[in-house]
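Scroll down for the structure; my scribbles are underneath it.
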Amino acid sequence: MSRHVAIVTDSTAYLPHQTMERHGITAVPLTVVLGDRALEEGTEISARSLAQALQKRRSVTTSRPSPEVFAATYRAAAEAGATGIVSLHLPAELSGTYDAAVLAARDAPVPVRVVDTGMVAMALGFCALSAAEAAEADGTVDDAVAAAEKRAEGTSAYFYVDTLDYLRRGGRIGAAQALLGSALAVKPLLELADGRIEMLEKVRTASRAIARLEELAVEKAGERRVDIAVHHLAAPERAETLAQRLRERVPGLADLHVSEVGAVIGAHTGPGLLGAVVSAR
């Protein structure tokens, strides 16, 4: 890495590998604990394996990276020539990843700015990409942080899950909301708001919920120039159908990414997840 500002994120950003390589972005892996095995997201457990484990009702939990892993990442960036680091992560409300990065930053060999973006999945990925582009344009640490924060402000993430049970088990949504959804037999639409997962709407059927997810993405995009990411877990046909509809309906569409989420997000949402991230350029 030759540029003076290095960009670090975590494995829940779900940026394409080629994009990370092209822009010199480093992702620190979170861990999925499957039974008694701790596995690094992205290298040691696939989304497919995770979905199969969940369908068999095996015990699955997740864990943040250790401060030592972040410290090693920051040292490697400094040794490669970085004079400053911007470290962008998923919300502290959802994970201890941000806190681990802050601890490691205190003793890093170069200044590190750790940012809670309030975003996850490609909502986080778009922030990291904007920061990297600012750094590539000879921007300072402040410039890269400002670019990431501006991108976060213009990004919205909506998603549909077949059940709230996985989010309830992981403590990512309140038990009362989860029980209400189960009792009413509704299909929930959720959004990422202020770093938290919030119930947005309750819809009676899966087909109506997915149609409403499409409408939300189209409404949020409006006439703006936007990038969109469609995420899923074990639901590729749903994802491709939604992606095609958005290609047809969003006039200002720049880039559209379709990808399966990784094991960490999948562990908390369950198979059937369908998400739409709309990010203004």
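In the structure tokens, chains take letters A, B, ... by order of appearance, with residues numbered from 1 within each chain and ligands from 1 in the order shown.
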
For this session: Per DSSP on the backbone, filter range 91-128 of chain A down to the residues in strand (DSSP E or B) and report them as a list in words.
Result: Val112, Arg113, Val114, Val115 and Asp116 of chain A

Problem set entry | Residue set, range 56-190 of chain A restricted to helix (DSSP H, G or I), as a ChimeraX atom specification | /A:67-79,97-105,122-136,141-153,165-169,175-184

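Nearest residue to Arg281 in chain A, choosing from A:Arg196, A:Val261, A:Thr269, A:Ala148 and counting only C-alpha atoms: A:Ala148.
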
For this session: Show which residues sit within 7 Å of Ala128 in chain A, as an NGL selection string. Count only C-alpha atoms, and ignore same-chain residues fewer than 2 positions away.
Result: :A and (9 or 88 or 124-126 or 130-132 or 148)

Restrict the selected residues to C-alpha atoms and save them as a JSON list (two decimals), in the first residue's frame.
[["chain", "number", "residue", "atom", "x", "y", "z"],
["A", 9, "THR", "CA", -13.02, -1.96, 7.57],
["A", 88, "LEU", "CA", -14.62, 2.12, 9.45],
["A", 124, "LEU", "CA", -20.76, -0.05, 5.23],
["A", 125, "GLY", "CA", -18.98, -1.15, 2.06],
["A", 126, "PHE", "CA", -20.03, 1.99, 0.20],
["A", 130, "SER", "CA", -15.84, 6.48, -0.66],
["A", 131, "ALA", "CA", -13.11, 6.83, 1.97],
["A", 132, "ALA", "CA", -10.68, 4.90, -0.23],
["A", 148, "ALA", "CA", -17.30, 8.11, 4.55]]

List every residue of range 115-180 of chain A that has an atom at most 12 Å from any atom of range 68-85 of chain A, and for each one report the closest atom pair and its distance in Å to one decimal, counting only C-alpha atoms, with rows sorted by chain and then by increasing residue number, as JSON lines.
{"residue": "A:Val115", "atom": "CA", "partner": "A:Ile85", "partner_atom": "CA", "distance": 10.8}
{"residue": "A:Ala128", "atom": "CA", "partner": "A:Ile85", "partner_atom": "CA", "distance": 12.0}
{"residue": "A:Ala131", "atom": "CA", "partner": "A:Ile85", "partner_atom": "CA", "distance": 10.6}
{"residue": "A:Ala132", "atom": "CA", "partner": "A:Ile85", "partner_atom": "CA", "distance": 10.7}
{"residue": "A:Ala135", "atom": "CA", "partner": "A:Ile85", "partner_atom": "CA", "distance": 10.0}
{"residue": "A:Gly139", "atom": "CA", "partner": "A:Gly84", "partner_atom": "CA", "distance": 10.9}
{"residue": "A:Thr140", "atom": "CA", "partner": "A:Gly84", "partner_atom": "CA", "distance": 8.2}
{"residue": "A:Val141", "atom": "CA", "partner": "A:Gly84", "partner_atom": "CA", "distance": 6.4}
{"residue": "A:Asp142", "atom": "CA", "partner": "A:Gly84", "partner_atom": "CA", "distance": 9.9}
{"residue": "A:Asp143", "atom": "CA", "partner": "A:Gly84", "partner_atom": "CA", "distance": 11.6}
{"residue": "A:Ala144", "atom": "CA", "partner": "A:Ile85", "partner_atom": "CA", "distance": 9.4}
{"residue": "A:Val145", "atom": "CA", "partner": "A:Ile85", "partner_atom": "CA", "distance": 9.8}

Exercise. Quick one, how far is CA of Ala152 in chain A from CA of Ala137 in chain A?
Worked result: 19.5 Å

Exercise. Restricting the calculation to only C-alpha atoms, which member of A:Gly42, A:Gly222, A:Gly118, A:Gly195 is positioned closest to Val250 in chain A?
Worked result: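 Of the candidates, the smallest distance to Val250 in chain A is held by A:Gly222.
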
For this session: Determine the nearest neighbour of Cys127 in chain A from the options A:Asp227, A:Glu237, A:Ser66, A:Glu93, counting only C-alpha atoms.
Result: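 Checking each candidate against Cys127 in chain A, we get A:Asp227 as the closest.
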
For this session: Report the distance between CA of Ile210 in chain A and CA of Ala92 in chain A in Å, rounded to one decimal place.
Result: 28.4 Å

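For the pair CA of Ala27 in chain A and CA of His268 in chain A, the separation is 20.0 Å.
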
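Across A:Ala276, A:Leu242, A:Val33, A:Val86, the tightest approach to Val110 in chain A is made by A:Val86 when counting only C-alpha atoms.
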